[in-house]
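**Q** You'll find upload12.pdb just under this line, and it carries PDB, C-alpha atoms.
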ATOM      1  CA  MET H   1     -36.506 -11.380  32.727
ATOM      2  CA  ASN H   2     -38.271 -10.204  35.881
ATOM      3  CA  ASP H   3     -42.026  -9.955  36.151
ATOM      4  CA  ARG H   4     -42.190  -6.247  35.434
ATOM      5  CA  GLY H   5     -40.185  -6.839  32.279
ATOM      6  CA  ASP H   6     -42.456  -9.746  31.428
ATOM      7  CA  GLU H   7     -45.457  -7.555  31.953
ATOM      8  CA  GLN H   8     -44.096  -4.970  29.543
ATOM      9  CA  THR H   9     -43.411  -7.676  26.944
ATOM     10  CA  ALA H  10     -46.934  -9.003  27.334
ATOM     11  CA  SER H  11     -48.369  -5.521  27.104
ATOM     12  CA  ASN H  12     -46.495  -4.836  23.898
ATOM     13  CA  ALA H  13     -47.534  -8.162  22.441
ATOM     14  CA  ALA H  14     -51.180  -7.634  23.306
ATOM     15  CA  ALA H  15     -51.033  -4.182  21.790
ATOM     16  CA  ALA H  16     -49.619  -5.618  18.590
ATOM     17  CA  THR H  17     -52.474  -8.118  18.257
ATOM     18  CA  LYS H  18     -55.300  -5.747  19.131
ATOM     19  CA  SER H  19     -54.186  -2.279  18.112
ATOM     20  CA  GLN H  20     -55.563  -2.275  14.585
ATOM     21  CA  ALA H  21     -58.995  -3.387  15.720
ATOM     22  CA  LEU H  22     -59.138  -1.073  18.707
ATOM     23  CA  MET H  23     -57.864   2.063  17.014
ATOM     24  CA  GLN H  24     -60.993   2.435  14.882
ATOM     25  CA  PHE H  25     -63.269   2.203  17.934
ATOM     26  CA  HIS H  26     -61.538   4.230  20.646
ATOM     27  CA  ALA H  27     -62.502   7.889  20.892
ATOM     28  CA  THR H  28     -61.148  10.691  23.048
ATOM     29  CA  ASP H  29     -62.627  11.413  26.457
ATOM     30  CA  GLU H  30     -64.150  14.599  25.030
ATOM     31  CA  ASP H  31     -65.948  12.696  22.284
ATOM     32  CA  ASP H  32     -67.237  10.151  24.779
ATOM     33  CA  ALA H  33     -68.563  12.902  26.994
ATOM     34  CA  THR H  34     -70.264  14.595  24.034
ATOM     35  CA  ARG H  35     -72.031  11.366  23.073
ATOM     36  CA  ARG H  36     -73.190  10.740  26.643
ATOM     37  CA  GLU H  37     -74.654  14.223  26.897
ATOM     38  CA  ALA H  38     -76.353  14.226  23.485
ATOM     39  CA  PRO H  39     -80.181  14.036  23.634
ATOM     40  CA  GLY H  40     -81.424  10.521  22.953
ATOM     41  CA  ALA H  41     -77.920   9.066  23.011
ATOM     42  CA  THR H  42     -77.720   5.273  23.069
ATOM     43  CA  ALA H  43     -74.969   2.869  24.113
ATOM     44  CA  PRO H  44     -71.928   3.723  21.953
ATOM     45  CA  ALA H  45     -70.869   1.344  19.206
ATOM     46  CA  THR H  46     -67.513   1.255  20.930
ATOM     47  CA  VAL H  47     -68.856  -1.002  23.685
ATOM     48  CA  GLN H  48     -70.461  -3.449  21.283
ATOM     49  CA  SER H  49     -67.389  -3.568  19.081
ATOM     50  CA  GLU H  50     -65.010  -4.096  21.994
ATOM     51  CA  ASN H  51     -67.267  -6.840  23.365
ATOM     52  CA  ALA H  52     -67.179  -8.573  19.995
ATOM     53  CA  LEU H  53     -63.413  -8.188  19.898
ATOM     54  CA  GLN H  54     -63.134  -9.666  23.394
ATOM     55  CA  ARG H  55     -65.290 -12.655  22.437
ATOM     56  CA  ALA H  56     -63.141 -13.259  19.364
ATOM     57  CA  PHE H  57     -60.015 -13.010  21.513
ATOM     58  CA  GLU H  58     -61.414 -15.563  23.972
ATOM     59  CA  ARG H  59     -62.362 -17.954  21.166
ATOM     60  CA  GLU H  60     -58.828 -17.701  19.807
ATOM     61  CA  LEU H  61     -57.412 -18.562  23.237
ATOM     62  CA  GLU H  62     -59.796 -21.466  23.687
ATOM     63  CA  ASP H  63     -58.842 -22.923  20.331
ATOM     64  CA  ARG H  64     -55.186 -23.069  21.376
ATOM     65  CA  THR H  65     -55.249 -24.101  25.033
ATOM     66  CA  THR H  66     -54.771 -27.856  24.744
ATOM     67  CA  GLU H  67     -52.254 -27.427  21.938
ATOM     68  CA  ALA H  68     -50.345 -24.856  23.997
ATOM     69  CA  LEU H  69     -50.289 -27.100  27.067
ATOM     70  CA  ASP H  70     -48.992 -30.049  25.054
ATOM     71  CA  ALA H  71     -46.390 -27.830  23.385
ATOM     72  CA  GLY H  72     -44.928 -26.703  26.710
ATOM     73  CA  GLU H  73     -45.953 -23.062  26.307
ATOM     74  CA  PHE H  74     -47.174 -22.824  29.903
ATOM     75  CA  VAL H  75     -44.381 -22.434  32.456
ATOM     76  CA  ILE H  76     -44.170 -21.723  36.159
ATOM     77  CA  HIS H  77     -42.500 -18.761  37.779
ATOM     78  CA  LEU H  78     -41.697 -18.626  41.475
ATOM     79  CA  GLN H  79     -42.106 -15.677  43.819
ATOM     80  CA  PRO H  80     -39.891 -16.023  46.915
ATOM     81  CA  LYS H  81     -41.237 -15.746  50.452
ATOM     82  CA  LEU H  82     -38.736 -14.006  52.719
ATOM     83  CA  ASP H  83     -38.360 -14.770  56.426
ATOM     84  CA  LEU H  84     -38.501 -11.302  58.007
ATOM     85  CA  ARG H  85     -36.543 -12.398  61.069
ATOM     86  CA  LYS H  86     -33.745 -14.363  59.398
ATOM     87  CA  GLY H  87     -33.579 -12.496  56.085
ATOM     88  CA  GLN H  88     -33.624 -15.813  54.207
ATOM     89  CA  ILE H  89     -35.875 -17.326  51.558
ATOM     90  CA  ALA H  90     -38.268 -19.656  53.355
ATOM     91  CA  GLY H  91     -40.521 -20.735  50.505
ATOM     92  CA  ALA H  92     -42.077 -19.740  47.210
ATOM     93  CA  GLU H  93     -45.399 -19.434  45.428
ATOM     94  CA  ALA H  94     -45.738 -21.032  41.987
ATOM     95  CA  LEU H  95     -47.427 -18.826  39.388
ATOM     96  CA  VAL H  96     -48.279 -19.772  35.823
ATOM     97  CA  ARG H  97     -47.241 -17.892  32.679
ATOM     98  CA  TRP H  98     -48.157 -18.543  29.045
ATOM     99  CA  ARG H  99     -45.280 -18.033  26.627
ATOM    100  CA  ASP H 100     -47.185 -17.835  23.354
ATOM    101  CA  PRO H 101     -44.661 -18.045  20.492
ATOM    102  CA  ARG H 102     -46.866 -15.836  18.327
ATOM    103  CA  VAL H 103     -47.432 -12.868  20.637
ATOM    104  CA  GLY H 104     -44.988 -13.325  23.522
ATOM    105  CA  LEU H 105     -45.757 -13.572  27.218
ATOM    106  CA  ARG H 106     -49.357 -13.728  28.388
ATOM    107  CA  LEU H 107     -49.823 -12.921  32.084
ATOM    108  CA  PRO H 108     -52.487 -14.750  34.142
ATOM    109  CA  GLY H 109     -55.014 -11.931  33.984
ATOM    110  CA  ALA H 110     -55.277 -12.475  30.242
ATOM    111  CA  PHE H 111     -56.320 -16.114  30.438
ATOM    112  CA  LEU H 112     -57.181 -17.368  33.933
ATOM    113  CA  PRO H 113     -60.697 -15.791  34.067
ATOM    114  CA  LEU H 114     -61.525 -17.507  30.774
ATOM    115  CA  PHE H 115     -60.113 -20.833  31.959
ATOM    116  CA  GLU H 116     -62.216 -20.592  35.129
ATOM    117  CA  LYS H 117     -65.309 -20.224  32.938
ATOM    118  CA  ASN H 118     -64.576 -22.953  30.419
ATOM    119  CA  GLY H 119     -63.145 -25.529  32.840
ATOM    120  CA  PHE H 120     -59.613 -25.629  31.452
ATOM    121  CA  ILE H 121     -58.417 -24.381  34.837
ATOM    122  CA  VAL H 122     -58.684 -27.989  36.071
ATOM    123  CA  ASP H 123     -55.994 -29.101  33.626
ATOM    124  CA  LEU H 124     -53.887 -26.030  34.308
ATOM    125  CA  ASP H 125     -54.000 -26.497  38.099
ATOM    126  CA  ARG H 126     -52.891 -30.099  37.630
ATOM    127  CA  PHE H 127     -50.107 -28.982  35.295
ATOM    128  CA  VAL H 128     -48.763 -26.440  37.801
ATOM    129  CA  PHE H 129     -48.901 -28.992  40.610
ATOM    130  CA  GLU H 130     -46.984 -31.526  38.512
ATOM    131  CA  GLN H 131     -44.372 -28.956  37.520
ATOM    132  CA  VAL H 132     -43.824 -28.124  41.184
ATOM    133  CA  CYS H 133     -43.530 -31.819  42.111
ATOM    134  CA  ALA H 134     -41.050 -32.391  39.290
ATOM    135  CA  LEU H 135     -39.050 -29.386  40.457
ATOM    136  CA  LEU H 136     -38.950 -30.536  44.079
ATOM    137  CA  HIS H 137     -37.839 -33.958  42.867
ATOM    138  CA  ALA H 138     -35.058 -32.384  40.775
ATOM    139  CA  TRP H 139     -33.838 -30.437  43.800
ATOM    140  CA  SER H 140     -33.789 -33.585  45.897
ATOM    141  CA  VAL H 141     -31.842 -35.509  43.256
ATOM    142  CA  ALA H 142     -29.364 -32.632  43.006
ATOM    143  CA  GLY H 143     -28.705 -32.855  46.738
ATOM    144  CA  VAL H 144     -29.925 -29.357  47.641
ATOM    145  CA  HIS H 145     -32.351 -28.659  50.454
ATOM    146  CA  PRO H 146     -35.736 -27.662  49.007
ATOM    147  CA  VAL H 147     -38.097 -25.070  50.438
ATOM    148  CA  PRO H 148     -41.877 -25.504  50.520
ATOM    149  CA  VAL H 149     -43.671 -24.340  47.375
ATOM    150  CA  SER H 150     -47.324 -23.304  47.322
ATOM    151  CA  VAL H 151     -49.768 -23.672  44.454
ATOM    152  CA  ASN H 152     -53.084 -21.907  43.982
ATOM    153  CA  LEU H 153     -56.233 -23.968  43.847
ATOM    154  CA  SER H 154     -59.173 -22.822  41.714
ATOM    155  CA  ARG H 155     -62.809 -22.825  42.768
ATOM    156  CA  THR H 156     -63.567 -25.648  40.308
ATOM    157  CA  ASN H 157     -60.987 -27.913  41.907
ATOM    158  CA  LEU H 158     -62.080 -26.926  45.391
ATOM    159  CA  LEU H 159     -65.520 -28.362  44.641
ATOM    160  CA  ASP H 160     -64.112 -31.627  43.264
ATOM    161  CA  LEU H 161     -64.283 -34.296  45.962
ATOM    162  CA  THR H 162     -61.868 -36.513  44.008
ATOM    163  CA  LEU H 163     -59.272 -33.756  43.568
ATOM    164  CA  LEU H 164     -56.622 -35.164  45.877
ATOM    165  CA  GLN H 165     -56.694 -38.586  44.286
ATOM    166  CA  GLY H 166     -55.168 -37.262  41.068
ATOM    167  CA  PHE H 167     -52.805 -34.929  42.883
ATOM    168  CA  GLU H 168     -51.645 -37.725  45.172
ATOM    169  CA  ARG H 169     -50.816 -39.926  42.185
ATOM    170  CA  ILE H 170     -48.658 -37.134  40.771
ATOM    171  CA  ARG H 171     -46.904 -36.498  44.090
ATOM    172  CA  GLU H 172     -46.179 -40.184  44.625
ATOM    173  CA  LEU H 173     -44.868 -40.514  41.072
ATOM    174  CA  TYR H 174     -42.187 -37.919  41.848
ATOM    175  CA  GLY H 175     -41.553 -39.160  45.373
ATOM    176  CA  VAL H 176     -42.154 -35.746  46.961
ATOM    177  CA  LEU H 177     -43.090 -35.370  50.617
ATOM    178  CA  PRO H 178     -46.453 -33.581  51.048
ATOM    179  CA  SER H 179     -44.881 -31.372  53.716
ATOM    180  CA  PHE H 180     -43.055 -29.493  50.941
ATOM    181  CA  LEU H 181     -46.337 -28.662  49.181
ATOM    182  CA  GLU H 182     -48.950 -26.112  50.158
ATOM    183  CA  PHE H 183     -52.329 -25.245  48.669
ATOM    184  CA  GLU H 184     -53.376 -21.592  48.613
ATOM    185  CA  LEU H 185     -57.136 -21.014  48.807
ATOM    186  CA  ALA H 186     -58.713 -17.607  48.217
ATOM    187  CA  GLU H 187     -60.479 -16.048  51.184
ATOM    188  CA  ALA H 188     -63.586 -15.578  49.042
ATOM    189  CA  PHE H 189     -64.089 -19.365  49.049
ATOM    190  CA  VAL H 190     -64.845 -19.281  52.783
ATOM    191  CA  PHE H 191     -67.870 -17.070  52.220
ATOM    192  CA  GLU H 192     -68.993 -18.461  48.867
ATOM    193  CA  GLU H 193     -68.441 -22.204  49.416
ATOM    194  CA  PRO H 194     -67.963 -22.666  53.193
ATOM    195  CA  ARG H 195     -68.791 -26.367  53.364
ATOM    196  CA  ALA H 196     -66.606 -27.204  50.389
ATOM    197  CA  PHE H 197     -63.808 -25.043  51.802
ATOM    198  CA  PHE H 198     -63.668 -26.699  55.216
ATOM    199  CA  ALA H 199     -64.086 -30.172  53.745
ATOM    200  CA  ALA H 200     -61.224 -29.535  51.301
ATOM    201  CA  VAL H 201     -58.921 -28.250  54.055
ATOM    202  CA  ASP H 202     -59.688 -31.330  56.143
ATOM    203  CA  ARG H 203     -58.881 -33.676  53.243
ATOM    204  CA  MET H 204     -55.637 -31.857  52.509
ATOM    205  CA  HIS H 205     -54.522 -32.000  56.123
ATOM    206  CA  ARG H 206     -55.289 -35.706  56.364
ATOM    207  CA  ALA H 207     -53.119 -36.238  53.275
ATOM    208  CA  GLY H 208     -50.243 -34.282  54.867
ATOM    209  CA  TYR H 209     -50.456 -31.032  52.897
ATOM    210  CA  ALA H 210     -50.361 -27.516  54.316
ATOM    211  CA  CYS H 211     -53.054 -24.966  53.428
ATOM    212  CA  SER H 212     -52.961 -21.188  53.490
ATOM    213  CA  LEU H 213     -55.718 -18.608  53.164
ATOM    214  CA  ASP H 214     -54.899 -16.131  50.422
ATOM    215  CA  ASN H 215     -56.010 -12.469  50.370
ATOM    216  CA  PHE H 216     -56.857 -12.431  54.095
ATOM    217  CA  GLY H 217     -58.075  -9.012  55.197
ATOM    218  CA  GLY H 218     -59.427  -8.039  51.808
ATOM    219  CA  CYS H 219     -62.985  -8.412  53.097
ATOM    220  CA  ARG H 220     -64.700  -6.546  55.928
ATOM    221  CA  ARG H 221     -65.745  -9.884  57.438
ATOM    222  CA  SER H 222     -62.215 -11.320  57.501
ATOM    223  CA  LEU H 223     -61.779 -11.028  61.253
ATOM    224  CA  GLU H 224     -65.058 -12.837  61.886
ATOM    225  CA  ILE H 225     -63.800 -16.075  60.342
ATOM    226  CA  MET H 226     -60.366 -16.369  61.956
ATOM    227  CA  GLU H 227     -61.313 -18.611  64.842
ATOM    228  CA  GLY H 228     -62.697 -21.485  62.780
ATOM    229  CA  LEU H 229     -60.359 -21.470  59.802
ATOM    230  CA  GLU H 230     -57.969 -24.308  60.756
ATOM    231  CA  VAL H 231     -55.536 -23.312  58.005
ATOM    232  CA  ASP H 232     -51.778 -23.385  58.458
ATOM    233  CA  ALA H 233     -51.087 -19.807  57.397
ATOM    234  CA  LEU H 234     -52.768 -16.505  56.685
ATOM    235  CA  LYS H 235     -51.588 -14.488  53.698
ATOM    236  CA  LEU H 236     -52.325 -10.885  54.569
ATOM    237  CA  ASP H 237     -53.724  -8.842  51.725
ATOM    238  CA  ARG H 238     -51.880  -5.562  51.172
ATOM    239  CA  ALA H 239     -55.132  -3.699  51.820
ATOM    240  CA  PHE H 240     -55.008  -5.048  55.369
ATOM    241  CA  PHE H 241     -51.681  -3.543  56.366
ATOM    242  CA  GLY H 242     -51.916  -0.326  54.370
ATOM    243  CA  GLY H 243     -50.738   1.297  51.201
ATOM    244  CA  PRO H 244     -47.289   2.692  50.445
ATOM    245  CA  TYR H 245     -47.387   4.795  53.612
ATOM    246  CA  ILE H 246     -48.342   3.129  56.875
ATOM    247  CA  ASP H 247     -50.534   4.981  59.383
ATOM    248  CA  PRO H 248     -49.250   3.509  62.670
ATOM    249  CA  ALA H 249     -52.026   5.027  64.760
ATOM    250  CA  ARG H 250     -54.684   3.295  62.688
ATOM    251  CA  GLU H 251     -53.064   0.027  61.718
ATOM    252  CA  THR H 252     -50.430  -1.084  64.210
ATOM    253  CA  GLY H 253     -52.832  -2.221  66.919
ATOM    254  CA  LEU H 254     -55.203  -4.000  64.560
ATOM    255  CA  VAL H 255     -52.548  -5.845  62.564
ATOM    256  CA  ALA H 256     -50.577  -6.736  65.689
ATOM    257  CA  SER H 257     -53.686  -8.184  67.319
ATOM    258  CA  VAL H 258     -54.422 -10.308  64.249
ATOM    259  CA  LEU H 259     -50.838 -11.570  64.123
ATOM    260  CA  ASN H 260     -50.905 -12.373  67.839
ATOM    261  CA  ARG H 261     -54.158 -14.275  67.458
ATOM    262  CA  ALA H 262     -52.756 -16.150  64.466
ATOM    263  CA  ARG H 263     -49.817 -17.300  66.595
ATOM    264  CA  GLU H 264     -52.198 -18.425  69.340
ATOM    265  CA  LEU H 265     -54.067 -20.455  66.705
ATOM    266  CA  HIS H 266     -50.746 -21.883  65.456
ATOM    267  CA  MET H 267     -51.044 -20.190  62.079
ATOM    268  CA  GLY H 268     -48.124 -18.798  60.151
ATOM    269  CA  THR H 269     -48.369 -15.310  58.634
ATOM    270  CA  VAL H 270     -47.278 -14.067  55.222
ATOM    271  CA  ALA H 271     -47.699 -10.490  54.008
ATOM    272  CA  GLU H 272     -48.191 -10.350  50.251
ATOM    273  CA  GLY H 273     -47.725  -7.408  47.919
ATOM    274  CA  VAL H 274     -44.979  -5.735  49.982
ATOM    275  CA  GLU H 275     -43.474  -2.965  47.864
ATOM    276  CA  THR H 276     -41.837  -0.424  50.212
ATOM    277  CA  GLU H 277     -39.285  -0.414  53.003
ATOM    278  CA  GLU H 278     -41.883   1.300  55.196
ATOM    279  CA  GLN H 279     -44.187  -1.681  54.797
ATOM    280  CA  ARG H 280     -41.377  -4.115  55.450
ATOM    281  CA  GLY H 281     -40.305  -2.339  58.620
ATOM    282  CA  PHE H 282     -43.870  -2.065  59.855
ATOM    283  CA  LEU H 283     -44.545  -5.773  59.296
ATOM    284  CA  ALA H 284     -41.319  -6.811  61.013
ATOM    285  CA  ASP H 285     -42.125  -4.598  63.998
ATOM    286  CA  VAL H 286     -45.592  -6.097  64.500
ATOM    287  CA  GLY H 287     -44.320  -9.683  64.228
ATOM    288  CA  CYS H 288     -45.261 -10.866  60.749
ATOM    289  CA  GLU H 289     -43.206 -13.958  59.879
ATOM    290  CA  LEU H 290     -42.830 -13.906  56.087
ATOM    291  CA  MET H 291     -43.214 -11.373  53.297
ATOM    292  CA  GLN H 292     -43.723 -11.660  49.577
ATOM    293  CA  GLY H 293     -43.673  -8.847  47.038
ATOM    294  CA  TYR H 294     -41.754  -6.731  44.572
ATOM    295  CA  LEU H 295     -39.660  -5.088  47.299
ATOM    296  CA  PHE H 296     -37.765  -8.356  47.681
ATOM    297  CA  SER H 297     -38.447 -10.025  44.343
ATOM    298  CA  PRO H 298     -41.076 -10.278  41.618
ATOM    299  CA  PRO H 299     -41.999 -13.727  40.329
ATOM    300  CA  VAL H 300     -38.937 -15.077  38.507
ATOM    301  CA  SER H 301     -38.115 -18.050  36.330
ATOM    302  CA  VAL H 302     -37.203 -21.280  38.083
ATOM    303  CA  ALA H 303     -33.580 -20.784  37.057
ATOM    304  CA  GLY H 304     -33.637 -17.283  38.537
ATOM    305  CA  PHE H 305     -35.128 -18.552  41.780
ATOM    306  CA  GLU H 306     -32.522 -21.282  42.037
ATOM    307  CA  ARG H 307     -29.725 -18.741  41.662
ATOM    308  CA  MET H 308     -31.272 -16.739  44.507
ATOM    309  CA  LEU H 309     -31.747 -19.756  46.784
ATOM    310  CA  PHE H 310     -28.876 -22.097  45.931
ATOM    311  CA  GLY H 311     -26.408 -19.781  44.183
ATOM    312  CA  ARG H 312     -26.627 -21.883  41.007
ATOM    313  CA  GLU H 313     -29.108 -23.434  38.602
ATOM    314  CA  VAL H 314     -30.196 -26.937  39.571
ATOM    315  CA  ALA H 315     -33.164 -28.168  37.487
ATOM    316  CA  ALA H 316     -31.815 -28.552  33.970
ATOM    317  CA  ALA H 317     -35.043 -29.649  32.276
ATOM    318  CA  PRO H 318     -36.041 -27.115  29.564
ATOM    319  CA  SER H 319     -39.658 -26.937  30.790
ATOM    320  CA  PHE H 320     -38.479 -25.569  34.106
ATOM    321  CA  SER H 321     -36.888 -22.394  32.804
ATOM    322  CA  ALA H 322     -38.256 -19.286  31.169
TER     323      ALA H 322
END
Can the structure from this file be put into structure tokens for me?

**A**
Amino acid sequence: MNDRGDEQTASNAAAATKSQALMQFHATDEDDATRREAPGATAPATVQSENALQRAFERELEDRTTEALDAGEFVIHLQPKLDLRKGQIAGAEALVRWRDPRVGLRLPGAFLPLFEKNGFIVDLDRFVFEQVCALLHAWSVAGVHPVPVSVNLSRTNLLDLTLLQGFERIRELYGVLPSFLEFELAEAFVFEEPRAFFAAVDRMHRAGYACSLDNFGGCRRSLEIMEGLEVDALKLDRAFFGGPYIDPARETGLVASVLNRARELHMGTVAEGVETEEQRGFLADVGCELMQGYLFSPPVSVAGFERMLFGREVAAAPSFSA
């Protein structure tokens, strides 16, 4: 099932678990407006009730996280990165999904913010990294040529000076070359934790890993930080190269100059969130190297990705397929 189908499944499942509680609290827009305009009106009970419902939902998730991880309910999906010049898959990004047997698929937005708060993200990051290493090992054993796979690194792990020690043990266990692994770091880290960011990138490079800066261009100060980044690739936020319809007069010069400077700094470039042929054509014209987005493919199961890349399924382990 593709990611849009997964999203619909998750939406239906979430509706099934919450609908009874929410129905008694939700009012029409007209009723809300009437309450806001009423003299002496206070915060509606709806807000308090929905907050209580959200807290109960989070407690329920927290109670099941370790059990779910041990039970193999978390799986990785892969979103291909397409080489715009060659028209071939050049890599992938690993994304986590939670297949809860009680309610169906849970997408990251439903659980990652909570895991960032309660610290479980550390275990989940390690799990995703190990799944990717195991997958790369399976491809090597099968005799197919792997492509680099990137994993996202949370803020909590970014601040952990011993992070790479555990990750290196995992990588060595599976016999995977670090050159096939890439860490994606959110652009926000540069502004919020600059010392930790640059120190982490330096440690990763010394260990042989590649690093990319995710969501580049999503901040007004993005261009100010380019010169000192020392990352291997910039992932251009969709907001940087426009919406569904490109305005060449406004964007071509700016994006082209950023891509040219990235090449001068020996950085690769990946456009993420590409959804239209107009965007694809624009990015190819201004020299972007790779693209990632629903136009080419949503995140898919490992088996689905293997069929796209190798023409057949390779990793037979049950935990690798959706």

**Q** Can you spell out as an NGL selection string the set of residues that the PyMOL selection byres ((chain H and resi 71-82) around 8) selects in the structure I just provided?

**A** :H and (67-70 or 83-84 or 87-101 or 128 or 131 or 270 or 290-293 or 296-302 or 305 or 319-322)

**Q** Identify which of the residues H:Leu114, H:Ala239, H:Lys86, H:Gly109 lies closest to Arg59 of chain H, counting all atoms listed in the file when measuring atom-to-atom distances.

**A**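 For Arg59 of chain H, the nearest of the candidates is H:Leu114.
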
**Q** For this structure, which residues satisfy the selection - the PyMOL selection byres ((chain H and resi 159-173) around 9) - when it is evaluated on the file as given? I want them as a ChimeraX atom specification.

**A** /H:126,129-130,133-134,154-158,174-178,193,196-197,199-200,203-204,207

**Q** Once the PyMOL selection byres ((chain H and resi 186) around 7) has been applied to the shown file, what residues remain in the selection, as a VMD selection string?

**A** chain H and resid 184 to 185 187 to 189 213 to 215

**Q** Quick one: distance from atom CA of Leu309 of chain H to atom CA of Cys211 of chain H in Å, one decimal?

**A**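 So the two atoms, atom CA of Leu309 of chain H and atom CA of Cys211 of chain H, lie 22.9 Å apart.
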
**Q** Fewer than 2 positions away in the same chain doesn't count, so skip those; otherwise give me all residues within 9 Å of Ala210 of chain H, counting all atoms listed in the file, as an mmCIF file with C-alpha atoms, in the frame of the given file.

**A**
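Output file selection-v4.cif is given in full below:
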data_model
loop_
_atom_site.group_PDB
_atom_site.id
_atom_site.type_symbol
_atom_site.label_atom_id
_atom_site.label_comp_id
_atom_site.auth_asym_id
_atom_site.auth_seq_id
_atom_site.Cartn_x
_atom_site.Cartn_y
_atom_site.Cartn_z
ATOM 1 C CA SER H 150 -47.324 -23.304 47.322
ATOM 2 C CA PRO H 178 -46.453 -33.581 51.048
ATOM 3 C CA SER H 179 -44.881 -31.372 53.716
ATOM 4 C CA PHE H 180 -43.055 -29.493 50.941
ATOM 5 C CA LEU H 181 -46.337 -28.662 49.181
ATOM 6 C CA GLU H 182 -48.950 -26.112 50.158
ATOM 7 C CA PHE H 183 -52.329 -25.245 48.669
ATOM 8 C CA GLU H 184 -53.376 -21.592 48.613
ATOM 9 C CA VAL H 201 -58.921 -28.250 54.055
ATOM 10 C CA MET H 204 -55.637 -31.857 52.509
ATOM 11 C CA HIS H 205 -54.522 -32.000 56.123
ATOM 12 C CA GLY H 208 -50.243 -34.282 54.867
ATOM 13 C CA SER H 212 -52.961 -21.188 53.490
ATOM 14 C CA VAL H 231 -55.536 -23.312 58.005
ATOM 15 C CA ASP H 232 -51.778 -23.385 58.458
ATOM 16 C CA ALA H 233 -51.087 -19.807 57.397
#

**Q** In Å to one decimal, how far is atom CA of Gly311 of chain H from atom CA of Gly287 of chain H?

**A**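 Distance reported for this atom pair: 28.7 Å.
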
**Q** Using all atoms listed in the file, which residues sit within 12 Å of Gly217 of chain H once same-chain residues fewer than 2 positions away are excluded, as a VMD selection string?

**A** chain H and resid 186 to 188 213 to 215 219 to 226 234 to 242 254 to 255 258 to 259 270 to 272

**Q** What would segment 282-286 of chain H look like with all heavy atoms in place, written as a tab-separated table (two decimals), in the frame of the given file?

**A**
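What follows is the written file result18.tsv:
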chain	number	residue	atom	x	y	z
H	282	PHE	N	-42.65	-1.98	59.07
H	282	PHE	CA	-43.87	-2.06	59.86
H	282	PHE	C	-44.23	-3.52	60.15
H	282	PHE	O	-44.52	-3.89	61.29
H	282	PHE	CB	-45.01	-1.39	59.09
H	282	PHE	CG	-46.38	-1.65	59.66
H	282	PHE	CD1	-46.81	-0.99	60.79
H	282	PHE	CD2	-47.23	-2.56	59.05
H	282	PHE	CE1	-48.08	-1.24	61.32
H	282	PHE	CE2	-48.49	-2.81	59.56
H	282	PHE	CZ	-48.92	-2.14	60.69
H	283	LEU	N	-44.18	-4.37	59.14
H	283	LEU	CA	-44.54	-5.77	59.30
H	283	LEU	C	-43.59	-6.51	60.22
H	283	LEU	O	-43.99	-7.34	61.04
H	283	LEU	CB	-44.59	-6.46	57.93
H	283	LEU	CG	-45.74	-5.99	57.03
H	283	LEU	CD1	-45.47	-6.38	55.57
H	283	LEU	CD2	-47.07	-6.55	57.50
H	284	ALA	N	-42.30	-6.19	60.12
H	284	ALA	CA	-41.32	-6.81	61.01
H	284	ALA	C	-41.57	-6.38	62.46
H	284	ALA	O	-41.49	-7.19	63.39
H	284	ALA	CB	-39.91	-6.43	60.58
H	285	ASP	N	-41.90	-5.11	62.64
H	285	ASP	CA	-42.12	-4.60	64.00
H	285	ASP	C	-43.34	-5.24	64.67
H	285	ASP	O	-43.34	-5.45	65.89
H	285	ASP	CB	-42.32	-3.07	63.96
H	285	ASP	CG	-41.02	-2.33	63.65
H	285	ASP	OD1	-39.94	-2.95	63.77
H	285	ASP	OD2	-41.10	-1.15	63.27
H	286	VAL	N	-44.38	-5.54	63.88
H	286	VAL	CA	-45.59	-6.10	64.50
H	286	VAL	C	-45.59	-7.63	64.51
H	286	VAL	O	-46.56	-8.26	64.93
H	286	VAL	CB	-46.87	-5.58	63.79
H	286	VAL	CG1	-47.03	-4.10	64.00
H	286	VAL	CG2	-46.87	-5.94	62.31
